[in-house]
file model11.cif (mmCIF, C-alpha atoms)
data_run
loop_
_atom_site.label_atom_id
_atom_site.label_comp_id
_atom_site.auth_asym_id
_atom_site.auth_seq_id
_atom_site.Cartn_x
_atom_site.Cartn_y
_atom_site.Cartn_z
CA MET R 24 24.79 43.57 43.24
CA SER R 25 23.15 40.28 42.43
CA VAL R 26 19.72 39.63 40.90
CA PRO R 27 17.64 36.72 42.18
CA ALA R 28 17.22 33.90 39.62
CA SER R 29 13.44 34.32 39.58
CA GLN R 30 13.86 37.85 38.22
CA SER R 31 16.59 37.26 35.69
CA PRO R 32 16.08 38.93 32.29
CA ALA R 33 16.33 35.57 30.46
CA ARG R 34 13.43 34.03 32.43
CA THR R 35 11.27 37.13 32.03
CA SER R 36 11.70 37.14 28.24
CA ARG R 37 10.85 33.39 28.08
CA ARG R 38 7.67 34.01 30.05
CA ARG R 39 6.69 36.83 27.72
CA ARG R 40 7.28 34.62 24.67
CA ARG R 41 5.17 31.83 26.19
CA ARG R 42 2.40 34.27 27.04
CA ARG R 43 2.40 35.66 23.47
CA THR R 44 2.40 32.15 22.03
CA ARG R 45 -0.55 31.15 24.25
CA LEU R 46 -2.46 34.30 23.32
CA ALA R 47 -1.84 33.72 19.62
CA ALA R 48 -2.94 30.07 19.90
CA GLY R 49 -6.07 31.15 21.77
CA ALA R 50 -6.88 33.73 19.10
CA VAL R 51 -6.48 31.12 16.35
CA LEU R 52 -8.74 28.64 18.18
CA LEU R 53 -11.38 31.32 18.77
CA THR R 54 -11.30 32.28 15.09
CA LEU R 55 -11.69 28.65 14.01
CA ALA R 56 -14.57 28.07 16.42
CA THR R 57 -16.36 31.21 15.24
CA THR R 58 -15.92 30.28 11.59
CA ALA R 59 -17.17 26.73 12.14
CA CYS R 60 -20.34 27.89 13.88
CA SER R 61 -21.12 30.87 11.66
CA SER R 62 -22.69 28.85 8.83
CA LEU R 63 -25.16 26.94 11.00
CA GLY R 64 -28.03 29.40 10.51
CA ARG R 65 -26.93 30.90 7.20
CA THR R 66 -29.63 31.85 4.71
CA SER R 67 -29.51 32.33 0.96
CA VAL R 68 -30.34 36.08 1.14
CA GLY R 69 -32.91 36.84 -1.53
CA THR R 70 -36.01 35.23 -3.01
CA ILE R 71 -36.85 32.08 -4.89
CA THR R 72 -39.97 32.21 -7.05
CA TYR R 73 -41.58 29.16 -8.66
CA SER R 74 -44.98 28.25 -10.05
CA ILE R 75 -47.34 25.45 -9.12
CA GLY R 76 -49.82 24.97 -11.89
CA PRO R 77 -50.82 27.63 -14.38
CA GLN R 78 -52.07 30.28 -11.94
CA THR R 79 -50.24 29.78 -8.63
CA SER R 80 -46.88 31.33 -7.86
CA VAL R 81 -44.83 30.83 -4.68
CA MET R 82 -42.14 33.20 -3.39
CA LEU R 83 -39.74 32.12 -0.61
CA THR R 84 -37.60 34.72 1.13
CA SER R 85 -34.10 33.78 2.29
CA PRO R 86 -34.44 30.01 2.80
CA LYS R 87 -31.74 28.22 4.81
CA VAL R 88 -28.64 27.22 2.84
CA ARG R 89 -28.24 23.81 4.49
CA GLY R 90 -30.30 20.74 3.71
CA CYS R 91 -32.73 19.50 1.10
CA HIS R 92 -35.78 21.67 0.40
CA LYS R 93 -38.88 19.87 -0.84
CA LEU R 94 -41.28 21.37 -3.32
CA PRO R 95 -45.00 20.46 -3.42
CA PRO R 96 -45.71 16.89 -4.66
CA SER R 97 -46.75 18.18 -8.09
CA GLY R 98 -43.35 19.89 -8.43
CA THR R 99 -42.56 22.95 -10.51
CA THR R 100 -41.53 23.51 -14.09
CA ASP R 101 -40.08 27.01 -13.80
CA LEU R 102 -37.99 28.71 -11.17
CA TYR R 103 -36.26 32.05 -10.66
CA ASN R 104 -33.29 32.04 -8.25
CA ASN R 105 -32.93 35.65 -7.11
CA THR R 106 -30.61 34.80 -4.19
CA LEU R 107 -26.89 35.20 -3.63
CA VAL R 108 -26.34 31.41 -3.65
CA ASP R 109 -26.35 28.91 -6.55
CA MET R 110 -28.70 25.95 -6.34
CA VAL R 111 -29.24 22.45 -7.74
CA MET R 112 -32.71 21.25 -8.75
CA TYR R 113 -33.70 17.55 -8.46
CA ARG R 114 -36.53 15.55 -10.00
CA THR R 115 -36.85 13.47 -6.80
CA PRO R 116 -38.37 14.71 -3.52
CA ASP R 117 -35.23 13.88 -1.50
CA CYS R 118 -32.43 15.68 -3.42
CA THR R 119 -31.01 12.48 -4.90
CA GLY R 120 -30.50 11.17 -8.41
CA LYS R 121 -28.36 12.08 -11.38
CA ASP R 122 -30.96 14.08 -13.33
CA THR R 123 -30.18 17.51 -11.88
CA THR R 124 -30.10 21.11 -13.08
CA TYR R 125 -27.68 23.75 -11.81
CA ILE R 126 -29.20 27.21 -11.47
CA GLY R 127 -26.77 30.00 -10.73
CA SER R 128 -27.44 32.98 -8.52
CA ARG R 129 -29.95 35.41 -10.06
CA LEU R 130 -30.83 33.10 -12.94
CA ALA R 131 -34.03 31.38 -14.09
CA ASN R 132 -34.73 28.02 -15.70
CA ASN R 133 -37.69 26.18 -17.23
CA VAL R 134 -38.27 22.45 -17.65
CA ALA R 135 -38.59 21.16 -21.22
CA PRO R 136 -42.24 20.51 -22.20
CA LYS R 137 -42.26 16.69 -21.80
CA ALA R 138 -39.69 16.43 -18.97
CA ALA R 139 -40.56 15.61 -15.35
CA PRO R 140 -40.91 18.58 -12.98
CA TRP R 141 -38.46 19.46 -10.22
CA ARG R 142 -39.50 18.21 -6.79
CA SER R 143 -36.66 19.39 -4.53
CA TYR R 144 -33.60 21.61 -4.41
CA SER R 145 -30.45 22.25 -2.42
CA PHE R 146 -27.97 25.11 -2.29
CA VAL R 147 -24.33 24.95 -3.33
CA HIS R 148 -22.26 26.08 -0.34
#
call {"tool": "encode", "arguments": {"input": "model11.cif", "output": "structure tokens"}}
result
Amino acid sequence: MSVPASQSPARTSRRRRRRRTRLAAGAVLLTLATTACSSLGRTSVGTITYSIGPQTSVMLTSPKVRGCHKLPPSGTTDLYNNTLVDMVMYRTPDCTGKDTTYIGSRLANNVAPKAAPWRSYSFVH
């Protein structure tokens, strides 16, 4: 009894291997695509509290992780980072310059009495 070439066991096993390889490649690509897009709308999860002047306090809940966040023009001299993400404070309104302060997750910091206030911040991600 002869078996047609299209149904030979060798060809069937090659097809199965190709199919498995294609499925594995597709799964890897889907995982990469999902990972790349997952951080687009990510938030810092928690609150940031800072003061503006002697009697005004501002509390932000879960700000976005990406980008530069501006503070009011007068800036702030104390800040409490009660989020799950570390942040960097800047003395400029556009998150540039070398005079920065690193504030870890769930930590607070105050500006020295004669130093310039912070005017913007970004998250470390």
call {"tool": "resolve_selection", "arguments": {"input": "model11.cif", "expression": "the PyMOL selection byres ((chain R and resi 143) around 6)", "output": "PyMOL selection string"}}
result
chain R and resi 92-94+113+116+118+141-142+144
call {"tool": "write_last_selection", "arguments": {"input": "model11.cif", "atoms": "C-alpha atoms", "output": "mmCIF file, in the frame of the given file"}}
result
data_model
loop_
_atom_site.group_PDB
_atom_site.id
_atom_site.type_symbol
_atom_site.label_atom_id
_atom_site.label_comp_id
_atom_site.auth_asym_id
_atom_site.auth_seq_id
_atom_site.Cartn_x
_atom_site.Cartn_y
_atom_site.Cartn_z
ATOM 1 C CA HIS R 92 -35.780 21.670 0.400
ATOM 2 C CA LYS R 93 -38.880 19.870 -0.840
ATOM 3 C CA LEU R 94 -41.280 21.370 -3.320
ATOM 4 C CA TYR R 113 -33.700 17.550 -8.460
ATOM 5 C CA PRO R 116 -38.370 14.710 -3.520
ATOM 6 C CA CYS R 118 -32.430 15.680 -3.420
ATOM 7 C CA TRP R 141 -38.460 19.460 -10.220
ATOM 8 C CA ARG R 142 -39.500 18.210 -6.790
ATOM 9 C CA TYR R 144 -33.600 21.610 -4.410
#
call {"tool": "residues_near_point", "arguments": {"input": "model11.cif", "point": "(-39.1, 13.5, -12.6)", "cutoff": "12 Å", "atoms": "all atoms listed in the file", "output": "VMD selection string"}}
result
chain R and resid 96 to 100 112 to 124 134 to 135 137 to 143
call {"tool": "atom_distance", "arguments": {"input": "model11.cif", "atom1": "CA of Arg65 in chain R", "atom2": "CA of Ala131 in chain R"}}
result
22.4 Å
call {"tool": "resolve_selection", "arguments": {"input": "model11.cif", "expression": "the PyMOL selection byres ((chain R and resi 71-87) around 8)", "output": "ChimeraX atom specification"}}
result
/R:64-70,88-90,95,97-106
call {"tool": "write_last_selection", "arguments": {"input": "model11.cif", "atoms": "C-alpha atoms", "output": "short mmCIF file (atom, residue, chain, number, x, y, z; two decimals), keeping the file's coordinate frame"}}
result
data_model
loop_
_atom_site.label_atom_id
_atom_site.label_comp_id
_atom_site.auth_asym_id
_atom_site.auth_seq_id
_atom_site.Cartn_x
_atom_site.Cartn_y
_atom_site.Cartn_z
CA GLY R 64 -28.03 29.40 10.51
CA ARG R 65 -26.93 30.90 7.20
CA THR R 66 -29.63 31.85 4.71
CA SER R 67 -29.51 32.33 0.96
CA VAL R 68 -30.34 36.08 1.14
CA GLY R 69 -32.91 36.84 -1.53
CA THR R 70 -36.01 35.23 -3.01
CA VAL R 88 -28.64 27.22 2.84
CA ARG R 89 -28.24 23.81 4.49
CA GLY R 90 -30.30 20.74 3.71
CA PRO R 95 -45.00 20.46 -3.42
CA SER R 97 -46.75 18.18 -8.09
CA GLY R 98 -43.35 19.89 -8.43
CA THR R 99 -42.56 22.95 -10.51
CA THR R 100 -41.53 23.51 -14.09
CA ASP R 101 -40.08 27.01 -13.80
CA LEU R 102 -37.99 28.71 -11.17
CA TYR R 103 -36.26 32.05 -10.66
CA ASN R 104 -33.29 32.04 -8.25
CA ASN R 105 -32.93 35.65 -7.11
CA THR R 106 -30.61 34.80 -4.19
#
call {"tool": "atom_distance", "arguments": {"input": "model11.cif", "atom1": "CA of Ser145 in chain R", "atom2": "CA of Tyr125 in chain R"}}
result
9.9 Å
call {"tool": "atom_distance", "arguments": {"input": "model11.cif", "atom1": "CA of Asn132 in chain R", "atom2": "CA of Val111 in chain R"}}
result
11.2 Å
